[in-house]
Amino acid sequence: MDQFLPPLDPMMQPGMLPPMGGLQPPMGGPPPFDPSMMGMGIDPSMGFDPLMGLGGMLMPPPPPMLPEQGPMEMLEPIPDEVDEFVPPGPQSLPAWFRPEPEPKVAEILEEADRERMDHELRIRIAMEMVARLNNERTGIFEKDREAIENGEKQKGRLTDLIDEHNAYCAHHASMDYHVKVPLKDAIDREEGVMFTDAGHYLLECFERQHAAAGNASLRWAFPDMVGKYGMLAAMVVLDPSNEECGLRFQMLDPATVFPVYEGGMGLARVIRVYQAEASAVMGTFYDAAGTVQKKVRKAATYQRRYDPHHTGEVIEWWDKTWVKVLFDGKEIFKYKHGYGKVPIRIKYAGFGQQAFTQTARIAMDDYGVPTYYARSTGSDVRREDLARIAQPFLWRRVEAHDIEEAVMGLFLDVMRQQANPKWIAQLGMQSHNDGAPTPPKAEGEVGVFRDDDIMTPQPPVLTPDVVNAITGLTAQNKQTGMASGVIMGQMPGSQTTGNAADITTQAGLEKWRPIGGIIEEFLTELLEWSFELWRDWGGILGMEDNYGVMYVPRRNPNPRTGKSPAHELTPKIIRTYGIRCKVELRKFNPSNLSNLVNGLAIAMNLGVLDKRTAIELMGVSNNPDLILERIEDELFEQVPEVMQEKTLRRYVEQARKAEERGHILEGLKIAVENIDAVVALIRKSKDPVIAHE
């Protein structure tokens, strides 16, 4: 921990940010927080623009202060116990960890160029997929391109890829998040409920932050990004100014993210490259001293005039120790963030190729023995591997889809010719003495002929046998390649039973299961990283006058238990029980409820399934314990004595409220109507309040 928490310079005071070229902030946190900037929409200690629309990075929290240092008592972590003090900072760094050396600008530029070249094929495939799913590109025969551009030929357009993409996005966006923790048992049930509620609360906070940044639904974004890019990327960093959860979440554009892994040591660094205007860069990487603004203004000034709309290339470098930002090749920001890990989570889909495999180049040596060449950085082999590892979900159907659209274009040409065909004129004796046929006229053109001329339309090119063969192959390919038609909204046959339709639906949904699995694993990694941040840095998070405690709302408070409506989650609790959790996507499907309930009932009667697991499998609630409690409450309230007591109490309460509002007659009326019940209640009740009434 000493390497992350060196003593602060006594000259550093709150609100004073040292110049970038001079005194540097200590490892373990960002520049000191400037209270004077609160309420202006931009927190200088965080260095981010609240709009979050251009991919800017987010900064860590103010530096952790030891008790004896004292200049920032408002952010002093509150220890969990008087005799125990755990300073904020990474708590679980491996033994082999060493702080990264500061990267040089030349190294960052060289590494960014190499990664962009290696990821170029991956990004190009993703852009091709995006164009098709946006209905901006159509499959054609290459020889017909010029004729199509000139309008001489038609091009076909099919929406099966778009329809299926929208279908699996809608399916996964409508699913509920279920957070499970391994410690949830009879002994640690309350702690398990706390962690479960905390996981759901964090996901809800992420959704609100995503929407506040001007984005659409986060639940839709997850399957949409997996389907288009074959990759998910997001950043979670500390944000002490956020009293809601103390964290800041941001989804990242996969086309701008270039991760570098170190095998079992995990993510080594992430390089982000994107275009942004000078004004947006200044707002995103704002600092109280104005150093970033001066450097950006200098880069965007032409002939002594600053252009706020100057668009330049931004390169962000995130490793386990440093974050550096370049604008148009010039360094504008650098900082030791102190996390000990890269605060970005990356998830490859692996639809085309698994990340642990690689393409091998084979060649024969002089003796005819095959030699396998492993890939190397910057080689074509790595480019191909990255493109396959991050392959879009429907990419392997694109070529067949293009052929279908090209064939459809031919059919449209034939249809147009049949509706307005070309004509062949057999001229009569009045026009030519020999009566020889003339060349075909243009499409739709007839011209002026004599009475004895013979006009015949030019027949279509495609014959029925060819058409039937092509359409049969494309239909068969579509049926085996896409999900069930029932899922896509098609009505089953008239003789199809409900059970058969359910089986067809489930078989189709299984084809989309890989998408759900990727989202589950990605959300699990995000939550575990968020719990890790709470565990390591929770002492400087929370509300004023109560730092070190995160208030997590109870998702299902029970008034009978007398528990507070919020959990008090502290770093000590997380250190005690760990950060591990698991996110599952579930969806309650009422269409197959009867079959599911019958099957669960049989399993429960056989004694191989308990009620709690049955509720989880049904998906009716992501809190089975609450459902069981409510069932027990309903059974208890059905006892005759309990029902009578509850009813009588309600009568007395109604009469009391009517009298308090001044409706004495109404109160007397209620009392008279229920006089017998009230008298019986008074005689039997041991409640002194009711007896007095």
# chains A, B, ... in the order shown; residues from 1 in each chain; ligands from 1
$ residues_around --residues "Pro182 in chain A" --least-positions-apart "5" --cutoff "9 Å" --atoms "only C-alpha atoms" --output "list in words"
Gly192, Arg580, Cys581 and Lys582 of chain A
$ write_last_selection --atoms "all heavy atoms" --output "mmCIF file, in the first residue's frame"
data_model
loop_
_atom_site.group_PDB
_atom_site.id
_atom_site.type_symbol
_atom_site.label_atom_id
_atom_site.label_comp_id
_atom_site.auth_asym_id
_atom_site.auth_seq_id
_atom_site.Cartn_x
_atom_site.Cartn_y
_atom_site.Cartn_z
ATOM 1 N N GLY A 192 -26.731 -11.423 2.334
ATOM 2 C CA GLY A 192 -27.003 -11.801 0.951
ATOM 3 C C GLY A 192 -28.044 -10.910 0.310
ATOM 4 O O GLY A 192 -27.914 -10.497 -0.840
ATOM 5 N N ARG A 580 -17.766 -11.315 -5.053
ATOM 6 C CA ARG A 580 -18.259 -12.217 -6.090
ATOM 7 C C ARG A 580 -19.780 -12.185 -6.177
ATOM 8 O O ARG A 580 -20.486 -12.154 -5.166
ATOM 9 C CB ARG A 580 -17.788 -13.645 -5.838
ATOM 10 C CG ARG A 580 -16.277 -13.797 -5.873
ATOM 11 C CD ARG A 580 -15.699 -13.279 -7.162
ATOM 12 N NE ARG A 580 -14.246 -13.239 -7.162
ATOM 13 C CZ ARG A 580 -13.524 -12.507 -7.998
ATOM 14 N NH1 ARG A 580 -14.136 -11.746 -8.880
ATOM 15 N NH2 ARG A 580 -12.211 -12.536 -7.944
ATOM 16 N N CYS A 581 -20.270 -12.209 -7.394
ATOM 17 C CA CYS A 581 -21.705 -12.251 -7.646
ATOM 18 C C CYS A 581 -21.921 -12.858 -9.034
ATOM 19 O O CYS A 581 -20.955 -13.176 -9.741
ATOM 20 C CB CYS A 581 -22.333 -10.852 -7.568
ATOM 21 S SG CYS A 581 -21.777 -9.713 -8.861
ATOM 22 N N LYS A 582 -23.163 -12.993 -9.407
ATOM 23 C CA LYS A 582 -23.504 -13.536 -10.714
ATOM 24 C C LYS A 582 -24.807 -12.897 -11.171
ATOM 25 O O LYS A 582 -25.780 -12.851 -10.416
ATOM 26 C CB LYS A 582 -23.653 -15.056 -10.676
ATOM 27 C CG LYS A 582 -24.016 -15.679 -12.029
ATOM 28 C CD LYS A 582 -24.059 -17.184 -11.950
ATOM 29 C CE LYS A 582 -24.490 -17.798 -13.276
ATOM 30 N NZ LYS A 582 -23.627 -17.389 -14.394
#
$ residues_around --residues "Thr138 in chain A" --least-positions-apart "5" --cutoff "10 Å" --atoms "only C-alpha atoms" --output "count of residues only"
13
$ closest_residue --among "A:Arg575, A:Arg586, A:Arg145, A:Arg382" --to "Gly516 in chain A" --atoms "only C-alpha atoms"
A:Arg586
$ residues_around --residues "Ser530 in chain A" --least-positions-apart "6" --cutoff "10 Å" --atoms "only C-alpha atoms" --output "PyMOL selection string"
chain A and resi 199+202+236-238+245-249+343+524+536+579
$ write_last_selection --atoms "all heavy atoms" --output "tab-separated table (two decimals), in the first residue's frame"
chain	number	residue	atom	x	y	z
A	199	GLY	N	-26.50	-4.94	-5.94
A	199	GLY	CA	-26.27	-5.20	-7.36
A	199	GLY	C	-27.36	-4.62	-8.23
A	199	GLY	O	-27.09	-3.99	-9.26
A	202	LEU	N	-27.06	-0.78	-8.29
A	202	LEU	CA	-26.00	-0.30	-9.18
A	202	LEU	C	-26.43	-0.35	-10.64
A	202	LEU	O	-26.18	0.60	-11.41
A	202	LEU	CB	-24.73	-1.13	-8.97
A	202	LEU	CG	-23.87	-0.77	-7.76
A	202	LEU	CD1	-22.74	-1.78	-7.61
A	202	LEU	CD2	-23.29	0.63	-7.90
A	236	VAL	N	-16.13	2.01	-15.55
A	236	VAL	CA	-16.69	2.35	-14.25
A	236	VAL	C	-15.56	2.92	-13.40
A	236	VAL	O	-14.56	2.24	-13.16
A	236	VAL	CB	-17.32	1.13	-13.55
A	236	VAL	CG1	-17.87	1.53	-12.18
A	236	VAL	CG2	-18.43	0.54	-14.40
A	237	VAL	N	-15.71	4.17	-12.96
A	237	VAL	CA	-14.71	4.83	-12.14
A	237	VAL	C	-15.39	5.48	-10.95
A	237	VAL	O	-16.62	5.60	-10.90
A	237	VAL	CB	-13.93	5.89	-12.94
A	237	VAL	CG1	-13.12	5.26	-14.05
A	237	VAL	CG2	-14.88	6.94	-13.50
A	238	LEU	N	-14.60	5.90	-10.00
A	238	LEU	CA	-15.13	6.56	-8.81
A	238	LEU	C	-15.58	7.98	-9.14
A	238	LEU	O	-14.97	8.68	-9.95
A	238	LEU	CB	-14.06	6.61	-7.73
A	238	LEU	CG	-13.64	5.26	-7.14
A	238	LEU	CD1	-12.39	5.43	-6.30
A	238	LEU	CD2	-14.75	4.66	-6.31
A	245	CYS	N	-24.44	6.73	-5.77
A	245	CYS	CA	-23.71	5.46	-5.67
A	245	CYS	C	-22.20	5.65	-5.63
A	245	CYS	O	-21.47	4.68	-5.45
A	245	CYS	CB	-24.07	4.54	-6.84
A	245	CYS	SG	-23.57	5.15	-8.47
A	246	GLY	N	-21.71	6.89	-5.82
A	246	GLY	CA	-20.28	7.13	-5.76
A	246	GLY	C	-19.50	6.63	-6.95
A	246	GLY	O	-18.27	6.66	-6.94
A	247	LEU	N	-20.19	6.17	-8.00
A	247	LEU	CA	-19.53	5.63	-9.18
A	247	LEU	C	-20.07	6.32	-10.42
A	247	LEU	O	-21.19	6.83	-10.43
A	247	LEU	CB	-19.74	4.12	-9.29
A	247	LEU	CG	-19.29	3.26	-8.11
A	247	LEU	CD1	-19.64	1.81	-8.36
A	247	LEU	CD2	-17.80	3.42	-7.86
A	248	ARG	N	-19.26	6.31	-11.47
A	248	ARG	CA	-19.68	6.84	-12.76
A	248	ARG	C	-19.50	5.76	-13.81
A	248	ARG	O	-18.44	5.17	-13.93
A	248	ARG	CB	-18.85	8.08	-13.11
A	248	ARG	CG	-19.15	8.67	-14.48
A	248	ARG	CD	-20.56	9.19	-14.58
A	248	ARG	NE	-20.80	10.28	-13.65
A	248	ARG	CZ	-21.94	10.95	-13.59
A	248	ARG	NH1	-22.93	10.60	-14.40
A	248	ARG	NH2	-22.09	11.93	-12.73
A	249	PHE	N	-20.56	5.53	-14.59
A	249	PHE	CA	-20.59	4.48	-15.60
A	249	PHE	C	-20.67	5.11	-16.98
A	249	PHE	O	-21.36	6.12	-17.18
A	249	PHE	CB	-21.80	3.58	-15.36
A	249	PHE	CG	-22.13	2.65	-16.50
A	249	PHE	CD1	-21.48	1.44	-16.65
A	249	PHE	CD2	-23.08	3.01	-17.45
A	249	PHE	CE1	-21.78	0.60	-17.69
A	249	PHE	CE2	-23.39	2.18	-18.49
A	249	PHE	CZ	-22.73	0.96	-18.62
A	343	PRO	N	-9.59	0.49	-15.35
A	343	PRO	CA	-11.01	0.59	-14.95
A	343	PRO	C	-11.98	0.40	-16.10
A	343	PRO	O	-13.09	0.93	-16.08
A	343	PRO	CB	-11.10	2.00	-14.38
A	343	PRO	CG	-10.11	2.77	-15.16
A	343	PRO	CD	-8.96	1.82	-15.42
A	524	THR	N	-21.80	-9.23	-14.88
A	524	THR	CA	-21.16	-9.78	-13.69
A	524	THR	C	-19.81	-9.13	-13.44
A	524	THR	O	-19.48	-8.74	-12.31
A	524	THR	CB	-21.00	-11.30	-13.83
A	524	THR	OG1	-22.30	-11.91	-13.97
A	524	THR	CG2	-20.29	-11.89	-12.63
A	536	ASP	N	-12.52	-0.85	-1.81
A	536	ASP	CA	-11.22	-0.22	-1.69
A	536	ASP	C	-11.29	1.28	-1.41
A	536	ASP	O	-10.41	1.83	-0.76
A	536	ASP	CB	-10.40	-0.46	-2.96
A	536	ASP	CG	-10.11	-1.93	-3.20
A	536	ASP	OD1	-10.29	-2.72	-2.25
A	536	ASP	OD2	-9.73	-2.29	-4.32
A	579	ILE	N	-16.48	-9.90	-3.12
A	579	ILE	CA	-17.11	-9.12	-4.20
A	579	ILE	C	-17.79	-10.01	-5.23
A	579	ILE	O	-18.35	-9.50	-6.20
A	579	ILE	CB	-16.06	-8.24	-4.91
A	579	ILE	CG1	-14.99	-9.14	-5.57
A	579	ILE	CG2	-15.42	-7.27	-3.94
A	579	ILE	CD1	-14.02	-8.39	-6.46
$ select_by_dssp --residues "range 106-327 of chain A" --states "strand (DSSP E)" --output "ChimeraX atom specification"
/A:176-180,231-238,247-251,257-261,267-277,301-302,305-306,311-319,322-327
$ write_last_selection --atoms "N, CA and C atoms" --output "short mmCIF file (atom, residue, chain, number, x, y, z; two decimals), in the first residue's frame"
data_model
loop_
_atom_site.label_atom_id
_atom_site.label_comp_id
_atom_site.auth_asym_id
_atom_site.auth_seq_id
_atom_site.Cartn_x
_atom_site.Cartn_y
_atom_site.Cartn_z
N ASP A 176 -35.39 -9.53 -17.20
CA ASP A 176 -35.08 -8.97 -15.90
C ASP A 176 -33.69 -9.41 -15.46
N TYR A 177 -33.00 -8.51 -14.74
CA TYR A 177 -31.71 -8.84 -14.16
C TYR A 177 -31.92 -9.53 -12.82
N HIS A 178 -31.25 -10.64 -12.62
CA HIS A 178 -31.27 -11.36 -11.34
C HIS A 178 -29.84 -11.43 -10.83
N VAL A 179 -29.57 -10.77 -9.72
CA VAL A 179 -28.25 -10.77 -9.12
C VAL A 179 -28.22 -11.82 -8.02
N LYS A 180 -27.29 -12.74 -8.11
CA LYS A 180 -27.15 -13.81 -7.12
C LYS A 180 -25.77 -13.70 -6.48
N MET A 231 -18.80 -7.32 -29.44
CA MET A 231 -17.91 -6.86 -28.38
C MET A 231 -18.66 -5.87 -27.50
N LEU A 232 -18.37 -5.89 -26.21
CA LEU A 232 -18.92 -4.93 -25.26
C LEU A 232 -17.77 -4.26 -24.52
N ALA A 233 -17.93 -2.97 -24.24
CA ALA A 233 -16.90 -2.22 -23.52
C ALA A 233 -17.58 -1.15 -22.68
N ALA A 234 -17.13 -1.01 -21.43
CA ALA A 234 -17.69 0.00 -20.53
C ALA A 234 -16.63 0.37 -19.51
N MET A 235 -16.79 1.57 -18.97
CA MET A 235 -15.88 2.10 -17.96
C MET A 235 -16.66 2.41 -16.69
N VAL A 236 -16.13 2.01 -15.55
CA VAL A 236 -16.69 2.35 -14.25
C VAL A 236 -15.56 2.92 -13.40
N VAL A 237 -15.71 4.17 -12.96
CA VAL A 237 -14.71 4.83 -12.14
C VAL A 237 -15.39 5.48 -10.95
N LEU A 238 -14.60 5.90 -10.00
CA LEU A 238 -15.13 6.56 -8.81
C LEU A 238 -15.58 7.98 -9.14
N LEU A 247 -20.19 6.17 -8.00
CA LEU A 247 -19.53 5.63 -9.18
C LEU A 247 -20.07 6.32 -10.42
N ARG A 248 -19.26 6.31 -11.47
CA ARG A 248 -19.68 6.84 -12.76
C ARG A 248 -19.50 5.76 -13.81
N PHE A 249 -20.56 5.53 -14.59
CA PHE A 249 -20.59 4.48 -15.60
C PHE A 249 -20.67 5.11 -16.98
N GLN A 250 -19.98 4.49 -17.94
CA GLN A 250 -20.03 4.96 -19.32
C GLN A 250 -19.83 3.80 -20.28
N MET A 251 -20.78 3.62 -21.19
CA MET A 251 -20.59 2.66 -22.28
C MET A 251 -19.63 3.25 -23.30
N VAL A 257 -12.14 1.30 -29.21
CA VAL A 257 -11.46 0.66 -28.08
C VAL A 257 -10.52 -0.42 -28.60
N PHE A 258 -9.26 -0.36 -28.13
CA PHE A 258 -8.26 -1.34 -28.53
C PHE A 258 -7.59 -1.91 -27.27
N PRO A 259 -8.07 -3.06 -26.78
CA PRO A 259 -7.50 -3.64 -25.56
C PRO A 259 -6.26 -4.48 -25.85
N VAL A 260 -5.37 -4.53 -24.88
CA VAL A 260 -4.16 -5.35 -24.96
C VAL A 260 -4.11 -6.19 -23.69
N TYR A 261 -4.04 -7.52 -23.85
CA TYR A 261 -4.05 -8.44 -22.71
C TYR A 261 -2.65 -9.02 -22.49
N LEU A 267 -6.00 -7.72 -18.31
CA LEU A 267 -5.95 -6.55 -19.18
C LEU A 267 -4.78 -5.67 -18.79
N ALA A 268 -3.87 -5.45 -19.73
CA ALA A 268 -2.68 -4.65 -19.46
C ALA A 268 -2.94 -3.17 -19.70
N ARG A 269 -3.63 -2.84 -20.79
CA ARG A 269 -3.92 -1.45 -21.11
C ARG A 269 -5.03 -1.41 -22.15
N VAL A 270 -5.64 -0.25 -22.24
CA VAL A 270 -6.66 0.00 -23.24
C VAL A 270 -6.33 1.33 -23.90
N ILE A 271 -6.33 1.33 -25.22
CA ILE A 271 -6.10 2.55 -25.99
C ILE A 271 -7.40 2.91 -26.69
N ARG A 272 -7.80 4.14 -26.53
CA ARG A 272 -9.01 4.63 -27.20
C ARG A 272 -8.60 5.70 -28.20
N VAL A 273 -9.12 5.61 -29.41
CA VAL A 273 -8.83 6.58 -30.47
C VAL A 273 -10.15 7.01 -31.08
N TYR A 274 -10.43 8.30 -31.07
CA TYR A 274 -11.68 8.80 -31.64
C TYR A 274 -11.49 10.26 -32.02
N GLN A 275 -12.45 10.81 -32.74
CA GLN A 275 -12.44 12.20 -33.18
C GLN A 275 -13.37 13.02 -32.28
N ALA A 276 -12.95 14.23 -31.94
CA ALA A 276 -13.77 15.11 -31.10
C ALA A 276 -13.40 16.55 -31.39
N GLU A 277 -14.37 17.45 -31.19
CA GLU A 277 -14.13 18.87 -31.35
C GLU A 277 -13.33 19.41 -30.17
N THR A 301 -5.89 26.73 -32.70
CA THR A 301 -5.78 28.14 -33.08
C THR A 301 -5.11 28.26 -34.44
N TYR A 302 -5.74 28.98 -35.35
CA TYR A 302 -5.21 29.23 -36.69
C TYR A 302 -5.21 30.74 -36.93
N ARG A 305 -6.61 32.82 -34.20
CA ARG A 305 -8.05 32.72 -33.97
C ARG A 305 -8.38 31.30 -33.54
N TYR A 306 -9.01 31.19 -32.38
CA TYR A 306 -9.38 29.88 -31.84
C TYR A 306 -10.66 29.38 -32.50
N THR A 311 -11.89 19.78 -35.24
CA THR A 311 -11.98 18.36 -34.92
C THR A 311 -10.60 17.73 -35.00
N GLY A 312 -10.19 17.15 -33.91
CA GLY A 312 -8.89 16.51 -33.86
C GLY A 312 -8.98 15.09 -33.34
N GLU A 313 -7.88 14.39 -33.41
CA GLU A 313 -7.82 13.01 -32.95
C GLU A 313 -7.45 12.96 -31.48
N VAL A 314 -8.27 12.27 -30.70
CA VAL A 314 -8.02 12.09 -29.27
C VAL A 314 -7.55 10.67 -29.04
N ILE A 315 -6.46 10.52 -28.32
CA ILE A 315 -5.93 9.21 -27.95
C ILE A 315 -5.87 9.14 -26.44
N GLU A 316 -6.59 8.19 -25.87
CA GLU A 316 -6.55 7.95 -24.43
C GLU A 316 -5.75 6.67 -24.16
N TRP A 317 -4.86 6.76 -23.21
CA TRP A 317 -4.04 5.62 -22.79
C TRP A 317 -4.39 5.28 -21.35
N TRP A 318 -4.92 4.10 -21.11
CA TRP A 318 -5.25 3.63 -19.78
C TRP A 318 -4.44 2.37 -19.50
N ASP A 319 -3.57 2.40 -18.51
CA ASP A 319 -2.93 1.17 -18.05
C ASP A 319 -3.22 1.02 -16.56
N TRP A 322 -1.29 4.54 -15.10
CA TRP A 322 -1.34 5.85 -15.74
C TRP A 322 -2.56 5.99 -16.64
N VAL A 323 -2.98 7.25 -16.78
CA VAL A 323 -3.89 7.65 -17.84
C VAL A 323 -3.28 8.89 -18.50
N LYS A 324 -3.17 8.83 -19.81
CA LYS A 324 -2.65 9.96 -20.58
C LYS A 324 -3.58 10.23 -21.75
N VAL A 325 -3.68 11.50 -22.11
CA VAL A 325 -4.57 11.92 -23.18
C VAL A 325 -3.78 12.79 -24.15
N LEU A 326 -3.88 12.46 -25.42
CA LEU A 326 -3.25 13.24 -26.49
C LEU A 326 -4.33 13.84 -27.38
N PHE A 327 -4.09 15.07 -27.83
CA PHE A 327 -5.00 15.72 -28.77
C PHE A 327 -4.17 16.22 -29.94
#
$ residues_around --residues "range 103-114 of chain A" --least-positions-apart "2" --cutoff "7 Å" --atoms "only C-alpha atoms" --output "number ranges by chain"
A: 101, 116-118, 271, 331, 378
$ write_last_selection --atoms "C-alpha atoms" --output "compact mmCIF listing (two decimals), in the first residue's frame"
# COMPACT_ATOMS: atom_id res chain seq x y z
CA PRO A 101 6.41 3.33 -15.89
CA ARG A 116 -5.46 0.54 -35.20
CA MET A 117 -3.88 -1.40 -38.04
CA ASP A 118 -4.41 -4.73 -36.28
CA ILE A 271 -6.10 2.55 -25.99
CA GLU A 331 -0.08 15.55 -24.64
CA GLY A 378 0.94 -6.24 -36.49
